[in-house]
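Data block for coords-v5.cif (mmCIF, C-alpha atoms):
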data_input
#
loop_
_atom_site.group_PDB
_atom_site.id
_atom_site.type_symbol
_atom_site.label_atom_id
_atom_site.label_comp_id
_atom_site.auth_asym_id
_atom_site.auth_seq_id
_atom_site.Cartn_x
_atom_site.Cartn_y
_atom_site.Cartn_z
ATOM 1 C CA MET A 119 86.961 -1.915 121.419
ATOM 2 C CA ASN A 120 89.376 0.157 123.455
ATOM 3 C CA ASP A 121 92.650 1.606 122.220
ATOM 4 C CA THR A 122 94.859 -0.880 124.093
ATOM 5 C CA LYS A 123 93.144 -3.880 122.538
ATOM 6 C CA VAL A 124 93.367 -2.393 119.059
ATOM 7 C CA ARG A 125 97.084 -1.601 119.525
ATOM 8 C CA SER A 126 97.913 -5.098 120.771
ATOM 9 C CA ARG A 127 95.898 -6.746 117.997
ATOM 10 C CA LEU A 128 97.585 -4.613 115.336
ATOM 11 C CA LYS A 129 100.989 -5.307 116.861
ATOM 12 C CA ALA A 130 100.335 -9.069 116.834
ATOM 13 C CA GLN A 131 99.261 -9.036 113.176
ATOM 14 C CA LEU A 132 102.257 -6.964 112.100
ATOM 15 C CA THR A 133 104.634 -9.179 114.088
ATOM 16 C CA LYS A 134 103.281 -12.250 112.315
ATOM 17 C CA PHE A 135 103.672 -10.550 108.927
ATOM 18 C CA SER A 136 107.200 -9.338 109.715
ATOM 19 C CA LEU A 137 108.301 -12.834 110.775
ATOM 20 C CA GLU A 138 107.389 -14.098 107.300
ATOM 21 C CA LEU A 139 108.871 -11.070 105.571
ATOM 22 C CA CYS A 140 112.154 -11.152 107.503
ATOM 23 C CA GLU A 141 113.005 -14.809 107.124
ATOM 24 C CA GLY A 142 116.800 -14.964 107.170
ATOM 25 C CA LEU A 143 117.320 -11.777 109.210
ATOM 26 C CA THR A 144 118.648 -11.690 112.737
ATOM 27 C CA LYS A 145 116.181 -11.508 115.602
ATOM 28 C CA PRO A 146 116.995 -7.846 116.430
ATOM 29 C CA LEU A 147 116.449 -6.770 112.816
ATOM 30 C CA THR A 148 113.206 -8.739 112.627
ATOM 31 C CA LYS A 149 112.013 -6.962 115.775
ATOM 32 C CA PHE A 150 113.087 -3.650 114.243
ATOM 33 C CA VAL A 151 111.051 -4.277 111.069
ATOM 34 C CA SER A 152 108.044 -5.204 113.180
ATOM 35 C CA GLN A 153 108.380 -2.029 115.241
ATOM 36 C CA MET A 154 108.821 0.128 112.151
ATOM 37 C CA LEU A 155 105.729 -1.342 110.492
ATOM 38 C CA PHE A 156 103.726 -0.799 113.672
ATOM 39 C CA GLY A 157 105.099 2.720 114.113
ATOM 40 C CA ILE A 158 104.324 3.740 110.545
ATOM 41 C CA GLN A 159 100.825 2.314 110.786
ATOM 42 C CA SER A 160 99.986 3.814 114.158
ATOM 43 C CA SER A 161 101.529 7.246 113.527
ATOM 44 C CA GLN A 162 100.460 7.335 109.864
ATOM 45 C CA ASP A 163 103.800 8.990 109.170
ATOM 46 C CA VAL A 164 107.297 7.965 108.095
ATOM 47 C CA LYS A 165 109.260 10.463 110.200
ATOM 48 C CA LEU A 166 111.426 8.655 112.747
ATOM 49 C CA SER A 167 110.431 10.986 115.579
ATOM 50 C CA ASN A 168 106.726 10.268 115.022
ATOM 51 C CA ILE A 169 107.354 6.537 114.648
ATOM 52 C CA ALA A 170 109.393 6.516 117.864
ATOM 53 C CA ARG A 171 106.682 8.476 119.674
ATOM 54 C CA SER A 172 104.016 5.994 118.567
ATOM 55 C CA LEU A 173 106.026 3.065 119.958
ATOM 56 C CA GLN A 174 105.494 4.528 123.454
ATOM 57 C CA GLU A 175 108.714 3.083 124.870
ATOM 58 C CA GLU A 176 109.760 3.921 128.416
ATOM 59 C CA MET A 177 113.199 5.152 127.363
ATOM 60 C CA ALA A 178 113.988 8.674 126.205
ATOM 61 C CA LEU A 179 112.548 9.500 122.798
ATOM 62 C CA ILE A 180 115.966 10.468 121.394
ATOM 63 C CA ARG A 181 117.370 7.031 122.283
ATOM 64 C CA THR A 182 114.533 5.320 120.424
ATOM 65 C CA GLU A 183 115.080 7.570 117.408
ATOM 66 C CA LYS A 184 118.815 6.822 117.390
ATOM 67 C CA ARG A 185 118.165 3.061 117.601
ATOM 68 C CA LEU A 186 115.700 3.195 114.725
ATOM 69 C CA SER A 187 118.098 5.295 112.665
ATOM 70 C CA ARG A 188 121.021 2.934 113.346
ATOM 71 C CA ASN A 189 118.963 -0.102 112.326
ATOM 72 C CA LEU A 190 117.797 1.596 109.135
ATOM 73 C CA LYS A 191 121.433 1.823 108.027
ATOM 74 C CA SER A 192 121.939 -1.938 108.314
ATOM 75 C CA ALA A 193 123.395 -3.428 105.132
ATOM 76 C CA GLU A 194 121.927 -6.807 106.067
ATOM 77 C CA LEU A 195 118.459 -5.283 106.184
ATOM 78 C CA GLU A 196 118.778 -3.890 102.679
ATOM 79 C CA LYS A 197 120.312 -7.089 101.309
ATOM 80 C CA GLU A 198 117.597 -9.366 102.705
ATOM 81 C CA LEU A 199 114.492 -7.196 102.251
ATOM 82 C CA THR A 200 115.145 -5.761 98.801
ATOM 83 C CA PRO A 201 114.315 -9.068 97.029
ATOM 84 C CA GLN A 202 111.164 -9.422 99.140
#

Spit out the file's structure as structure tokens when you get a sec.
Amino acid sequence: MNDTKVRSRLKAQLTKFSLELCEGLTKPLTKFVSQMLFGIQSSQDVKLSNIARSLQEEMALIRTEKRLSRNLKSAELEKELTPQ
């Protein structure tokens, strides 16, 4: 199985899991959780720069890092996910 197929399969499974986990969150925060789970899994690290790098987005790496950092600070995220 090639790397692209593995990545897309992993992403699909984590998206499904994050939809269940994030019930009650906004769509952008649900997408953020999905991307963070995928990034942590694929980079095998919790550093934002490595997570952002593993997402392989077409925008500048620093912009991805800033977006991830901003979403991590969300009060709604903490309020909804802590009980989960």

Review point. Mind telling me what the PyMOL selection byres ((chain A and resi 146) around 12) catches here, as a VMD selection string?
Key: chain A and resid 136 to 137 140 142 to 145 147 to 153 185 to 186 188 to 190 192 194 to 195

Point to revise | Residue contacts of A:Gln202 (9 Å, only C-alpha atoms) excluding same-chain residues fewer than 2 positions away, as a list in words | key: Leu139, Cys140, Glu198, Leu199 and Thr200 of chain A

Review point. What is the distance between atom CA of A:Ser160 and atom CA of A:Ser172, in Å to one decimal?
Key: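 So the two atoms, atom CA of A:Ser160 and atom CA of A:Ser172, lie 6.4 Å apart.
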
Exercise for review: Could you tell me how far atom CA of A:Met177 lies from atom CA of A:Phe135, in Å and to one decimal?
Suggested key: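 Result for atom CA of A:Met177 versus atom CA of A:Phe135: 26.0 Å, one decimal.
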
Exercise for review: Evaluate the PyMOL selection byres ((chain A and resi 156) around 12) on the structure here and hand back the selected residues as a PyMOL selection string.
Suggested key: chain A and resi 124-136+149-155+157-164+168-174

Point to revise | Computed interatomic separation between atom CA of A:Leu179 and atom CA of A:Lys191 (Å) | key: 18.9 Å

Box for stretch 155-166 of chain A - axis-aligned, 5 Å on each of the six sides, all listed atoms - centre and size in Å to one decimal, as JSON.
{"center_x": 105.7, "center_y": 4.6, "center_z": 111.1, "size_x": 21.4, "size_y": 21.8, "size_z": 16.1}

Atom completion result for stretch 146-171 of chain A (N, CA and C atoms) as a CSV table (one decimal), in the coordinates of the input:
chain,number,residue,atom,x,y,z
A,146,PRO,N,117.1,-9.3,116.2
A,146,PRO,CA,117.0,-7.8,116.4
A,146,PRO,C,116.5,-7.1,115.2
A,147,LEU,N,116.9,-7.5,114.0
A,147,LEU,CA,116.4,-6.8,112.8
A,147,LEU,C,115.0,-7.1,112.5
A,148,THR,N,114.6,-8.3,112.8
A,148,THR,CA,113.2,-8.7,112.6
A,148,THR,C,112.3,-7.9,113.6
A,149,LYS,N,112.8,-7.8,114.8
A,149,LYS,CA,112.0,-7.0,115.8
A,149,LYS,C,111.9,-5.5,115.3
A,150,PHE,N,113.0,-5.0,114.8
A,150,PHE,CA,113.1,-3.6,114.2
A,150,PHE,C,112.1,-3.5,113.1
A,151,VAL,N,112.0,-4.4,112.2
A,151,VAL,CA,111.1,-4.3,111.1
A,151,VAL,C,109.6,-4.3,111.6
A,152,SER,N,109.4,-5.1,112.6
A,152,SER,CA,108.0,-5.2,113.2
A,152,SER,C,107.7,-3.9,113.8
A,153,GLN,N,108.6,-3.3,114.6
A,153,GLN,CA,108.4,-2.0,115.2
A,153,GLN,C,108.2,-0.9,114.2
A,154,MET,N,109.0,-0.9,113.2
A,154,MET,CA,108.8,0.1,112.2
A,154,MET,C,107.5,0.0,111.5
A,155,LEU,N,107.0,-1.2,111.1
A,155,LEU,CA,105.7,-1.3,110.5
A,155,LEU,C,104.6,-0.9,111.4
A,156,PHE,N,104.7,-1.2,112.7
A,156,PHE,CA,103.7,-0.8,113.7
A,156,PHE,C,103.8,0.7,113.8
A,157,GLY,N,105.0,1.3,113.9
A,157,GLY,CA,105.1,2.7,114.1
A,157,GLY,C,104.6,3.5,112.9
A,158,ILE,N,104.8,3.1,111.7
A,158,ILE,CA,104.3,3.7,110.5
A,158,ILE,C,102.8,3.7,110.5
A,159,GLN,N,102.3,2.5,110.8
A,159,GLN,CA,100.8,2.3,110.8
A,159,GLN,C,100.1,3.1,111.9
A,160,SER,N,100.7,3.1,113.1
A,160,SER,CA,100.0,3.8,114.2
A,160,SER,C,100.2,5.3,114.1
A,161,SER,N,101.3,5.8,113.6
A,161,SER,CA,101.5,7.2,113.5
A,161,SER,C,101.0,7.8,112.2
A,162,GLN,N,100.8,6.9,111.2
A,162,GLN,CA,100.5,7.3,109.9
A,162,GLN,C,101.4,8.4,109.3
A,163,ASP,N,102.7,8.1,109.6
A,163,ASP,CA,103.8,9.0,109.2
A,163,ASP,C,105.1,8.2,109.0
A,164,VAL,N,106.0,8.7,108.3
A,164,VAL,CA,107.3,8.0,108.1
A,164,VAL,C,108.5,8.7,108.8
A,165,LYS,N,108.2,9.8,109.5
A,165,LYS,CA,109.3,10.5,110.2
A,165,LYS,C,109.6,9.7,111.4
A,166,LEU,N,111.0,9.5,111.6
A,166,LEU,CA,111.4,8.7,112.7
A,166,LEU,C,110.9,9.2,114.1
A,167,SER,N,110.9,10.5,114.3
A,167,SER,CA,110.4,11.0,115.6
A,167,SER,C,109.0,10.6,115.9
A,168,ASN,N,108.1,10.6,114.8
A,168,ASN,CA,106.7,10.3,115.0
A,168,ASN,C,106.6,8.8,115.2
A,169,ILE,N,107.4,8.0,114.5
A,169,ILE,CA,107.4,6.5,114.6
A,169,ILE,C,107.8,6.2,116.1
A,170,ALA,N,108.9,6.8,116.5
A,170,ALA,CA,109.4,6.5,117.9
A,170,ALA,C,108.4,6.9,118.9
A,171,ARG,N,107.7,8.0,118.7
A,171,ARG,CA,106.7,8.5,119.7
A,171,ARG,C,105.5,7.5,119.7
